[in-house]
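Next comes final15.cif, with mmCIF, C-alpha atoms and all ligand atoms.
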```cif
data_upload
#
loop_
_atom_site.label_atom_id
_atom_site.label_comp_id
_atom_site.auth_asym_id
_atom_site.auth_seq_id
_atom_site.Cartn_x
_atom_site.Cartn_y
_atom_site.Cartn_z
CA MET A 89 -19.05 -29.96 36.34
CA LYS A 90 -20.63 -28.52 39.45
CA VAL A 91 -24.32 -28.13 40.23
CA TYR A 92 -25.40 -25.04 42.18
CA LYS A 93 -28.84 -25.08 43.73
CA SER A 94 -28.95 -21.72 45.45
CA VAL A 95 -28.66 -18.16 44.17
CA ARG A 96 -26.32 -17.26 47.00
CA SER A 97 -23.80 -20.06 46.31
CA LEU A 98 -23.73 -19.41 42.56
CA THR A 99 -23.36 -15.64 43.05
CA LYS A 100 -20.28 -16.30 45.19
CA LYS A 101 -18.81 -18.61 42.56
CA VAL A 102 -19.49 -16.16 39.72
CA PHE A 103 -17.55 -13.45 41.57
CA GLU A 104 -14.57 -15.80 41.78
CA ILE A 105 -14.79 -16.57 38.05
CA LYS A 106 -15.01 -12.88 37.22
CA LYS A 107 -11.94 -12.14 39.36
CA CYS A 108 -9.98 -14.56 37.14
CA ASN A 109 -11.08 -12.61 34.06
CA LYS A 110 -12.76 -15.65 32.56
CA ALA A 111 -15.44 -15.12 29.93
CA ILE A 112 -18.79 -16.57 30.98
CA GLY A 113 -21.18 -18.12 28.46
CA PHE A 114 -24.73 -18.55 29.72
CA VAL A 115 -27.42 -20.86 28.34
CA PRO A 116 -30.80 -20.47 30.07
CA THR A 117 -33.09 -23.49 29.72
CA MET A 118 -36.18 -25.03 31.24
CA GLY A 119 -34.54 -28.45 31.06
CA PHE A 120 -35.63 -31.59 29.21
CA LEU A 121 -32.67 -30.81 27.00
CA HIS A 122 -32.59 -31.69 23.30
CA ASP A 123 -30.29 -31.03 20.35
CA GLY A 124 -31.47 -27.43 20.13
CA HIS A 125 -30.11 -26.81 23.64
CA ARG A 126 -27.00 -28.80 22.77
CA SER A 127 -26.25 -26.45 19.88
CA LEU A 128 -26.41 -23.46 22.26
CA ILE A 129 -24.16 -25.18 24.79
CA ARG A 130 -21.64 -26.15 22.09
CA LYS A 131 -21.46 -22.58 20.84
CA ALA A 132 -21.00 -21.29 24.38
CA ARG A 133 -18.26 -23.90 24.89
CA GLN A 134 -16.48 -22.66 21.74
CA ASP A 135 -16.81 -18.98 22.57
CA THR A 136 -16.19 -18.74 26.30
CA ASP A 137 -14.06 -20.02 29.20
CA CYS A 138 -16.83 -20.96 31.59
CA VAL A 139 -20.22 -22.31 30.50
CA ILE A 140 -23.18 -21.94 32.85
CA VAL A 141 -26.47 -23.67 32.04
CA SER A 142 -29.58 -22.92 34.07
CA ILE A 143 -32.35 -25.49 34.36
CA PHE A 144 -35.46 -23.90 35.77
CA VAL A 145 -39.09 -24.28 34.78
CA ASN A 146 -40.00 -20.67 35.39
CA PRO A 147 -43.51 -20.52 36.92
CA VAL A 148 -44.08 -16.84 36.14
CA GLN A 149 -43.94 -17.29 32.37
CA PHE A 150 -46.86 -19.75 32.33
CA GLY A 151 -50.47 -18.60 32.29
CA PRO A 152 -52.94 -20.09 34.81
CA LYS A 153 -54.34 -22.51 32.20
CA GLU A 154 -50.97 -23.42 30.70
CA ASP A 155 -48.75 -26.47 31.10
CA PHE A 156 -46.48 -25.48 34.01
CA LYS A 157 -47.36 -28.57 36.06
CA LYS A 158 -47.03 -31.05 33.22
CA TYR A 159 -44.02 -29.38 31.54
CA PRO A 160 -41.55 -32.27 30.95
CA ARG A 161 -38.77 -32.57 33.49
CA GLY A 162 -35.77 -34.92 33.53
CA LEU A 163 -32.92 -33.57 35.61
CA LYS A 164 -30.84 -36.75 35.66
CA LYS A 165 -30.63 -36.98 31.88
CA ASP A 166 -30.16 -33.21 31.59
CA LEU A 167 -27.14 -33.37 33.89
CA GLU A 168 -25.67 -36.23 31.83
CA ILE A 169 -26.06 -34.14 28.65
CA CYS A 170 -24.49 -31.10 30.30
CA LYS A 171 -21.56 -33.16 31.52
CA LYS A 172 -21.03 -34.69 28.10
CA GLU A 173 -21.10 -31.26 26.48
CA GLY A 174 -18.44 -29.95 28.83
CA VAL A 175 -20.62 -27.57 30.84
CA ASP A 176 -18.80 -26.11 33.86
CA ILE A 177 -21.74 -25.10 36.00
CA VAL A 178 -25.40 -26.12 36.10
CA PHE A 179 -27.75 -23.88 38.04
CA THR A 180 -30.96 -25.52 39.30
CA PRO A 181 -32.61 -23.04 41.65
CA GLU A 182 -35.80 -23.68 43.60
CA PRO A 183 -38.78 -21.44 42.73
CA LYS A 184 -38.85 -20.08 46.29
CA ASP A 185 -35.23 -18.97 45.98
CA MET A 186 -35.94 -17.14 42.71
CA TYR A 187 -39.30 -15.78 43.86
CA PRO A 188 -39.51 -15.56 47.64
CA GLU A 189 -42.86 -14.59 49.15
CA SER A 190 -41.80 -10.96 49.29
CA TYR A 191 -40.99 -10.88 45.55
CA ALA A 192 -42.41 -7.81 43.76
CA THR A 193 -40.32 -6.83 40.72
CA TYR A 194 -41.18 -7.70 37.12
CA ILE A 195 -39.72 -6.59 33.80
CA ASN A 196 -42.19 -5.34 31.25
CA VAL A 197 -40.90 -4.91 27.69
CA GLU A 198 -43.25 -2.77 25.62
CA ARG A 199 -44.33 -3.04 21.97
CA VAL A 200 -42.37 -6.13 20.80
CA THR A 201 -44.40 -8.17 23.29
CA ASP A 202 -47.78 -6.90 22.05
CA MET A 203 -48.15 -9.30 19.14
CA LEU A 204 -47.67 -12.99 18.15
CA CYS A 205 -47.11 -15.10 21.29
CA GLY A 206 -47.51 -11.95 23.42
CA GLU A 207 -51.10 -11.69 22.23
CA SER A 208 -51.94 -15.37 22.72
CA ARG A 209 -50.07 -15.79 25.99
CA PRO A 210 -50.68 -12.66 28.10
CA GLY A 211 -47.97 -12.21 30.75
CA HIS A 212 -45.66 -14.78 29.14
CA PHE A 213 -42.93 -12.35 28.11
CA ARG A 214 -43.17 -10.49 31.41
CA GLY A 215 -42.24 -13.80 33.05
CA VAL A 216 -39.48 -14.55 30.55
CA ALA A 217 -38.05 -11.03 30.77
CA THR A 218 -38.06 -11.16 34.56
CA VAL A 219 -36.37 -14.53 34.92
CA VAL A 220 -33.77 -13.84 32.23
CA THR A 221 -32.90 -10.48 33.80
CA LYS A 222 -32.52 -12.18 37.17
CA PHE A 223 -30.33 -14.88 35.61
CA PHE A 224 -28.17 -12.25 33.92
CA ASN A 225 -27.66 -10.54 37.28
CA ILE A 226 -26.79 -13.83 38.96
CA THR A 227 -24.54 -15.33 36.25
CA MET A 228 -23.04 -12.07 34.89
CA PRO A 229 -22.47 -13.57 31.43
CA ASP A 230 -20.31 -12.09 28.69
CA ILE A 231 -22.44 -13.89 26.11
CA ALA A 232 -25.90 -15.45 26.48
CA TYR A 233 -27.34 -17.90 23.97
CA PHE A 234 -30.92 -18.22 22.72
CA GLY A 235 -32.58 -20.21 19.94
CA GLN A 236 -34.15 -18.71 16.83
CA LYS A 237 -37.16 -20.99 17.28
CA ASP A 238 -38.31 -18.55 19.96
CA ALA A 239 -37.70 -15.62 17.61
CA GLN A 240 -39.88 -13.19 19.56
CA GLN A 241 -38.24 -14.17 22.84
CA ALA A 242 -34.81 -13.46 21.34
CA ILE A 243 -35.97 -10.00 20.23
CA VAL A 244 -37.40 -9.29 23.68
CA ILE A 245 -34.14 -10.32 25.36
CA LYS A 246 -32.06 -8.19 22.98
CA LYS A 247 -34.32 -5.23 23.79
CA ILE A 248 -33.83 -5.74 27.53
CA ALA A 249 -30.05 -5.90 27.15
CA GLU A 250 -30.05 -2.75 25.03
CA ASP A 251 -32.56 -0.74 27.06
CA LEU A 252 -31.10 -1.64 30.45
CA ASN A 253 -27.52 -1.02 29.30
CA MET A 254 -26.43 -4.56 30.00
CA SER A 255 -22.98 -5.52 28.79
CA VAL A 256 -24.05 -9.06 27.87
CA LYS A 257 -23.93 -9.98 24.18
CA ILE A 258 -26.95 -11.94 22.94
CA LYS A 259 -26.27 -14.67 20.39
CA VAL A 260 -29.18 -16.27 18.57
CA MET A 261 -28.54 -19.71 17.11
CA PRO A 262 -30.39 -21.34 14.18
CA ILE A 263 -33.39 -23.61 14.67
CA VAL A 264 -32.44 -27.26 15.08
CA ARG A 265 -34.92 -29.64 13.44
CA GLU A 266 -35.84 -33.29 13.65
CA LYS A 267 -35.15 -35.36 10.51
CA ASP A 268 -38.70 -34.71 9.29
CA GLY A 269 -38.33 -30.96 9.78
CA LEU A 270 -40.22 -30.49 13.07
CA ALA A 271 -38.45 -27.83 15.13
CA MET A 272 -36.92 -29.34 18.27
CA SER A 273 -38.90 -28.46 21.37
CA SER A 274 -39.31 -30.01 24.80
CA ARG A 275 -43.06 -29.87 24.15
CA ASN A 276 -42.82 -32.26 21.15
CA ILE A 277 -43.03 -35.07 23.72
CA TYR A 278 -46.72 -34.18 24.26
CA LEU A 279 -47.58 -35.16 20.65
CA SER A 280 -49.37 -38.42 19.92
CA LYS A 281 -48.02 -40.61 17.12
CA GLU A 282 -50.65 -39.21 14.76
CA GLY A 283 -50.13 -35.63 16.03
CA ARG A 284 -46.42 -35.98 15.43
CA ILE A 285 -47.10 -36.76 11.76
CA GLN A 286 -49.55 -33.88 11.41
CA ALA A 287 -47.04 -31.52 13.04
CA GLN A 288 -44.75 -31.99 10.04
CA SER A 289 -47.14 -29.73 8.13
CA ILE A 290 -45.77 -26.77 10.09
CA TYR A 291 -42.31 -26.86 8.54
CA THR A 292 -43.70 -28.06 5.20
CA SER A 293 -45.88 -24.95 5.09
CA LEU A 294 -42.93 -22.70 5.96
CA LYS A 295 -40.99 -24.27 3.10
CA ILE A 296 -43.91 -23.57 0.78
CA ALA A 297 -43.79 -19.94 1.94
CA LYS A 298 -40.07 -19.78 1.13
CA GLU A 299 -40.62 -21.31 -2.28
CA LEU A 300 -43.37 -18.80 -3.08
CA PHE A 301 -41.19 -15.93 -1.93
CA ASN A 302 -38.22 -17.18 -3.95
CA LYS A 303 -40.47 -17.26 -7.01
CA GLY A 304 -41.23 -13.58 -6.45
CA GLU A 305 -44.36 -13.54 -4.26
CA LEU A 306 -44.06 -10.54 -1.93
CA ASP A 307 -47.68 -10.22 -0.84
CA SER A 308 -47.88 -11.41 2.77
CA ARG A 309 -51.59 -12.14 2.56
CA LYS A 310 -51.05 -14.60 -0.29
CA ILE A 311 -48.15 -16.29 1.51
CA ILE A 312 -50.21 -16.60 4.70
CA ASN A 313 -53.16 -18.07 2.77
CA ARG A 314 -50.94 -20.79 1.27
CA ILE A 315 -49.59 -21.67 4.73
CA LYS A 316 -53.16 -21.79 6.09
CA GLN A 317 -54.20 -24.16 3.30
CA ALA A 318 -51.38 -26.58 4.14
CA ILE A 319 -52.03 -26.49 7.88
CA ASN A 320 -55.81 -26.74 7.63
CA LYS A 321 -55.50 -30.05 5.80
CA GLN A 322 -54.47 -31.59 9.12
CA PRO A 323 -57.52 -32.73 11.13
CA GLU A 324 -55.95 -32.04 14.56
CA ALA A 325 -54.45 -28.65 13.62
CA ARG A 326 -55.82 -25.33 14.86
CA ILE A 327 -54.01 -22.17 13.86
CA ASP A 328 -53.26 -19.74 16.67
CA TYR A 329 -51.50 -17.23 14.40
CA ILE A 330 -49.61 -17.05 11.13
CA LYS A 331 -47.95 -13.70 10.52
CA VAL A 332 -45.45 -12.08 8.23
CA VAL A 333 -43.66 -9.48 10.32
CA ASP A 334 -40.64 -7.22 10.40
CA THR A 335 -37.58 -9.08 11.72
CA LYS A 336 -36.76 -6.30 14.19
CA ASP A 337 -39.94 -4.68 15.49
CA LEU A 338 -42.30 -7.58 14.68
CA LYS A 339 -44.86 -5.26 13.11
CA ASP A 340 -47.03 -6.73 10.34
CA VAL A 341 -45.51 -6.51 6.87
CA LYS A 342 -48.02 -6.27 4.00
CA LYS A 343 -45.53 -6.38 1.16
CA ILE A 344 -42.09 -7.87 1.76
CA SER A 345 -39.24 -5.68 0.55
CA ASN A 346 -35.90 -7.08 1.73
CA GLU A 347 -36.62 -9.56 4.45
CA ALA A 348 -39.41 -10.65 6.76
CA LEU A 349 -40.10 -13.19 9.46
CA VAL A 350 -42.87 -15.69 8.88
CA ALA A 351 -43.90 -16.77 12.37
CA MET A 352 -46.60 -19.15 13.41
CA ALA A 353 -48.16 -20.90 16.38
CA VAL A 354 -50.32 -23.93 15.74
CA TRP A 355 -52.17 -26.25 18.07
CA ILE A 356 -51.86 -29.91 17.16
CA GLY A 357 -54.47 -31.43 19.42
CA GLU A 358 -53.60 -30.16 22.91
CA THR A 359 -50.04 -29.15 22.01
CA ARG A 360 -49.14 -25.62 20.97
CA LEU A 361 -46.11 -25.50 18.69
CA ILE A 362 -44.28 -22.47 17.31
CA ASP A 363 -41.98 -22.18 14.33
CA ASN A 364 -40.68 -19.56 11.93
CA ILE A 365 -38.58 -18.86 8.90
CA VAL A 366 -36.81 -15.72 7.71
CA LEU A 367 -37.47 -14.80 4.10
CA LYS A 368 -34.61 -12.83 2.65
CA THR A 369 -33.95 -11.75 -0.90
CA GLY A 370 -30.98 -13.60 -2.38
CA SER A 371 -30.94 -16.43 0.18
O1 LIG B 401 -36.70 -20.51 26.16
C1 LIG B 401 -36.82 -20.99 27.31
O2 LIG B 401 -36.59 -22.16 27.55
C2 LIG B 401 -37.26 -20.08 28.44
O3 LIG B 401 -38.19 -19.15 27.99
C3 LIG B 401 -36.09 -19.38 29.16
C4 LIG B 401 -35.35 -18.45 28.24
C5 LIG B 401 -35.15 -20.43 29.70
C6 LIG B 401 -36.62 -18.57 30.34
O4 LIG B 401 -37.30 -19.35 31.25
#
```
Translate the structure described by the file into structure tokens.
Ligand code: PAF
Amino acid sequence: MKVYKSVRSLTKKVFEIKKCNKAIGFVPTMGFLHDGHRSLIRKARQDTDCVIVSIFVNPVQFGPKEDFKKYPRGLKKDLEICKKEGVDIVFTPEPKDMYPESYATYINVERVTDMLCGESRPGHFRGVATVVTKFFNITMPDIAYFGQKDAQQAIVIKKIAEDLNMSVKIKVMPIVREKDGLAMSSRNIYLSKEGRIQAQSIYTSLKIAKELFNKGELDSRKIINRIKQAINKQPEARIDYIKVVDTKDLKDVKKISNEALVAMAVWIGETRLIDNIVLKTGS
């Protein structure tokens, strides 16, 4: 495994790999790797000849009052995980290499960024879209891997690849959960012991939604109300949003016909957590 710290050195290496006709699998991360990241790396390892993992806490996707400074970092352990998982290349650029002082270009994806996290975190997807586009240009992947936990992010990335005629294939892997159902996230580390228990209500409420749907409830408002009830029982919980939306364009769905995405963001104390579930007839 080799660690590349500069855009220039990795670009040179990627050209060599491409010359050998090797398929590149790319897993972008912000580090502090957990089993969710591992599942992406393992899939990339299965699918492709050369696995590149980026570890970069991208400053431009954080709002001014968000957790960029305190975002958990742990490069040593991350590198051990990457090595164990058979990663070929780890890319750990410096912010000034990605965004030099003269930097002026940002990617703005319309419509699918207007709602959900796009509404609560203005500018977030502009930052994600920009960094991922830059990474795609640097790593030239055949396949790039994203997690379903960030369902809106995955849709935004697919839109970029489609709209900008990129040849990269986007694979979205299922949510990996802790034993108690909490979706794996680097931010789970922020939770207090008590918060961690209260955070279980997020997945519990999504399971309630699935149960209701499986019993024939198609009215989104009723499903959302049941989720709200479950979450609001938790003293430290504050709902940011709970929505039932179309799985492709993320527009609100009033009555579910075939399938819909139930997506939510909830604050547990000072920690904002997101999660989702796809409701599908016959599943
Ligand atoms: O999902 C993440 O960790 C980040 O948004 C990503 C895709 C690595 C871009 O910084």
Given 6 Å and all atoms listed in the file, residues near ligand LIG 401 (chain B) as a list in words: Pro116, Thr117, Met118, Asn146, Val216 and Val220 of chain A
Might you pull out every residue within 7 Å of range 270-276 of chain A, with all atoms listed in the file counted and same-chain residues fewer than 2 positions away left off, and present them as a list in words? Phe120, Gly124, Pro160, Ile263, Val264, Arg265, Glu266, Asp268, Tyr278, Leu279, Ala287, Gln288, Tyr291 and Asp363 of chain A
Distance CA of Ile330 in chain A-CA of Glu358 in chain A, one decimal place?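 CA of Ile330 in chain A sits 18.1 Å away from CA of Glu358 in chain A.
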For range 156-165 of chain A, what centre and edge lengths in Å (one decimal) does the axis-aligned box get once 3 Å is added on each side of all its listed atoms, as lines of an AutoDock Vina configuration file?
```
center_x = -39.0
center_y = -31.2
center_z = 33.5
size_x = 22.7
size_y = 17.5
size_z = 11.1
```
Contact residues around Leu367 in chain A with only C-alpha atoms at 9 Å, ignoring same-chain residues under 2 positions, as number ranges by chain: A: 297-298, 301-302, 344, 346-350, 365, 369, 371
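Considering the residues A:His122, A:Lys237, A:Lys222, A:Lys316 and counting all atoms listed in the file, Pro181 in chain A has its shortest atom-to-atom contact with A:Lys222.
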I'd like the interatomic distance between CA of Lys310 in chain A and CA of Val341 in chain A, to a tenth of an Å.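 Those two atoms sit 12.1 Å apart.
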Have a look at A:Phe179, A:Ile290, A:Tyr187, A:Leu361 and name the one nearest to Thr227 in chain A; count all atoms listed in the file. A:Phe179
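For the set A:Gln317, A:Gln236, A:Gly370, A:Lys331, the residue with the smallest atom-to-atom gap to Lys303 in chain A is A:Gly370, counting only C-alpha atoms.
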Excluding Lys246 in chain A and its own-chain neighbours fewer than 2 positions away, which residues fall within 12 Å of it when counting all atoms listed in the file? Please give them as a PyMOL selection string. chain A and resi 197+200+217+220-221+231-234+239-244+248-260+336-337
Output C-alpha atoms for every residue in the selection just made, as a JSON list (two decimals), in the frame of the given file.
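Done, and the output landed in again16.json:
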```json
[["chain", "number", "residue", "atom", "x", "y", "z"],
["A", 197, "VAL", "CA", -40.90, -4.91, 27.69],
["A", 200, "VAL", "CA", -42.37, -6.13, 20.80],
["A", 217, "ALA", "CA", -38.05, -11.03, 30.77],
["A", 220, "VAL", "CA", -33.77, -13.84, 32.23],
["A", 221, "THR", "CA", -32.90, -10.48, 33.80],
["A", 231, "ILE", "CA", -22.44, -13.89, 26.11],
["A", 232, "ALA", "CA", -25.90, -15.45, 26.48],
["A", 233, "TYR", "CA", -27.34, -17.90, 23.97],
["A", 234, "PHE", "CA", -30.92, -18.22, 22.72],
["A", 239, "ALA", "CA", -37.70, -15.62, 17.61],
["A", 240, "GLN", "CA", -39.88, -13.19, 19.56],
["A", 241, "GLN", "CA", -38.24, -14.17, 22.84],
["A", 242, "ALA", "CA", -34.81, -13.46, 21.34],
["A", 243, "ILE", "CA", -35.97, -10.00, 20.23],
["A", 244, "VAL", "CA", -37.40, -9.29, 23.68],
["A", 248, "ILE", "CA", -33.83, -5.74, 27.53],
["A", 249, "ALA", "CA", -30.05, -5.90, 27.15],
["A", 250, "GLU", "CA", -30.05, -2.75, 25.03],
["A", 251, "ASP", "CA", -32.56, -0.74, 27.06],
["A", 252, "LEU", "CA", -31.10, -1.64, 30.45],
["A", 253, "ASN", "CA", -27.52, -1.02, 29.30],
["A", 254, "MET", "CA", -26.43, -4.56, 30.00],
["A", 255, "SER", "CA", -22.98, -5.52, 28.79],
["A", 256, "VAL", "CA", -24.05, -9.06, 27.87],
["A", 257, "LYS", "CA", -23.93, -9.98, 24.18],
["A", 258, "ILE", "CA", -26.95, -11.94, 22.94],
["A", 259, "LYS", "CA", -26.27, -14.67, 20.39],
["A", 260, "VAL", "CA", -29.18, -16.27, 18.57],
["A", 336, "LYS", "CA", -36.76, -6.30, 14.19],
["A", 337, "ASP", "CA", -39.94, -4.68, 15.49]]
```
When you draw a straight line from CA of Ala318 in chain A to CA of Thr359 in chain A, how long is it in Å?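 So the answer is 18.1 Å.
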For Asp185 in chain A, which of A:Arg161, A:Lys100, A:Lys281, A:Lys93 is the closest residue, counting all atoms listed in the file?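 Counting all atoms listed in the file, the residue closest to Asp185 in chain A is A:Lys93.
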Contacts of Val115 in chain A at 8 Å or less, counting all atoms listed in the file, minus same-chain residues fewer than 3 places along, as a PyMOL selection string? chain A and resi 128-129+132+139-142+232-234
Let me see the file: selected residues, C-alpha atoms, as a PDB file, in the coordinates of the input.
```
ATOM      1  CA  LEU A 128     -26.410 -23.460  22.260  1.00  0.00           C
ATOM      2  CA  ILE A 129     -24.160 -25.180  24.790  1.00  0.00           C
ATOM      3  CA  ALA A 132     -21.000 -21.290  24.380  1.00  0.00           C
ATOM      4  CA  VAL A 139     -20.220 -22.310  30.500  1.00  0.00           C
ATOM      5  CA  ILE A 140     -23.180 -21.940  32.850  1.00  0.00           C
ATOM      6  CA  VAL A 141     -26.470 -23.670  32.040  1.00  0.00           C
ATOM      7  CA  SER A 142     -29.580 -22.920  34.070  1.00  0.00           C
ATOM      8  CA  ALA A 232     -25.900 -15.450  26.480  1.00  0.00           C
ATOM      9  CA  TYR A 233     -27.340 -17.900  23.970  1.00  0.00           C
ATOM     10  CA  PHE A 234     -30.920 -18.220  22.720  1.00  0.00           C
TER      11      PHE A 234
END
```
Between A:Gly211, A:Pro147, A:Pro183, A:Gly119, which residue has the minimum interatomic distance to Leu167 in chain A, considering all atoms listed in the file? A:Gly119
When distances are computed from only C-alpha atoms, which of A:Lys131, A:Lys368, A:Arg360, A:Lys158 shows the smallest separation from Gly235 in chain A?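 Using only C-alpha atoms, the shortest distance to Gly235 in chain A belongs to A:Lys131.
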Taking 3 positions as the minimum chain separation for residues in the same chain, which residues sit within 8 Å of Val95 in chain A when counting all atoms listed in the file? Answer as an MDAnalysis selection string. chainID A and resid 92 98:99 181 185:186 226
Just save range 323-348 of chain A with N, CA and C atoms, as a compact mmCIF listing (two decimals), in the first residue's frame.
```
# COMPACT_ATOMS: atom_id res chain seq x y z
N PRO A 323 -35.66 12.57 25.33
CA PRO A 323 -35.50 13.95 25.84
C PRO A 323 -34.46 14.78 25.09
N GLU A 324 -33.39 14.13 24.60
CA GLU A 324 -32.33 14.92 23.93
C GLU A 324 -32.53 15.05 22.42
N ALA A 325 -33.64 14.48 21.90
CA ALA A 325 -33.82 14.46 20.44
C ALA A 325 -34.54 15.71 19.94
N ARG A 326 -34.04 16.23 18.82
CA ARG A 326 -34.71 17.36 18.14
C ARG A 326 -34.72 17.03 16.65
N ILE A 327 -35.92 16.95 16.10
CA ILE A 327 -36.03 16.55 14.70
C ILE A 327 -35.64 17.70 13.78
N ASP A 328 -34.72 17.42 12.86
CA ASP A 328 -34.39 18.40 11.82
C ASP A 328 -35.41 18.21 10.69
N TYR A 329 -35.46 17.01 10.12
CA TYR A 329 -36.51 16.71 9.15
C TYR A 329 -36.83 15.22 9.15
N ILE A 330 -38.07 14.91 8.83
CA ILE A 330 -38.47 13.53 8.53
C ILE A 330 -39.32 13.65 7.27
N LYS A 331 -38.92 12.96 6.23
CA LYS A 331 -39.62 13.12 4.95
C LYS A 331 -39.81 11.78 4.28
N VAL A 332 -40.90 11.68 3.55
CA VAL A 332 -41.09 10.53 2.65
C VAL A 332 -40.98 11.11 1.25
N VAL A 333 -39.98 10.64 0.52
CA VAL A 333 -39.68 11.27 -0.78
C VAL A 333 -39.48 10.22 -1.87
N ASP A 334 -39.52 10.70 -3.10
CA ASP A 334 -39.26 9.84 -4.24
C ASP A 334 -37.79 9.39 -4.23
N THR A 335 -37.53 8.13 -4.55
CA THR A 335 -36.16 7.61 -4.44
C THR A 335 -35.23 8.19 -5.50
N LYS A 336 -35.79 8.82 -6.53
CA LYS A 336 -34.91 9.35 -7.59
C LYS A 336 -34.76 10.86 -7.55
N ASP A 337 -35.94 11.57 -7.49
CA ASP A 337 -35.82 13.03 -7.53
C ASP A 337 -35.97 13.69 -6.16
N LEU A 338 -36.22 12.88 -5.14
CA LEU A 338 -36.31 13.34 -3.75
C LEU A 338 -37.46 14.30 -3.47
N LYS A 339 -38.43 14.34 -4.41
CA LYS A 339 -39.59 15.21 -4.16
C LYS A 339 -40.52 14.52 -3.18
N ASP A 340 -41.23 15.34 -2.38
CA ASP A 340 -42.17 14.79 -1.39
C ASP A 340 -43.17 13.85 -2.04
N VAL A 341 -43.44 12.73 -1.36
CA VAL A 341 -44.46 11.79 -1.82
C VAL A 341 -45.58 11.84 -0.79
N LYS A 342 -46.81 12.10 -1.26
CA LYS A 342 -47.94 12.16 -0.31
C LYS A 342 -48.49 10.78 -0.05
N LYS A 343 -48.66 10.04 -1.16
CA LYS A 343 -49.18 8.67 -1.05
C LYS A 343 -48.19 7.75 -1.76
N ILE A 344 -47.69 6.77 -1.05
CA ILE A 344 -46.66 5.89 -1.63
C ILE A 344 -47.33 4.93 -2.61
N SER A 345 -46.77 4.85 -3.83
CA SER A 345 -47.33 3.85 -4.75
C SER A 345 -46.44 2.60 -4.77
N ASN A 346 -45.28 2.68 -5.40
CA ASN A 346 -44.42 1.50 -5.45
C ASN A 346 -43.35 1.48 -4.38
N GLU A 347 -42.58 2.58 -4.40
CA GLU A 347 -41.51 2.67 -3.40
C GLU A 347 -41.28 4.13 -3.03
N ALA A 348 -40.68 4.32 -1.86
CA ALA A 348 -40.35 5.68 -1.41
C ALA A 348 -39.20 5.60 -0.41
```
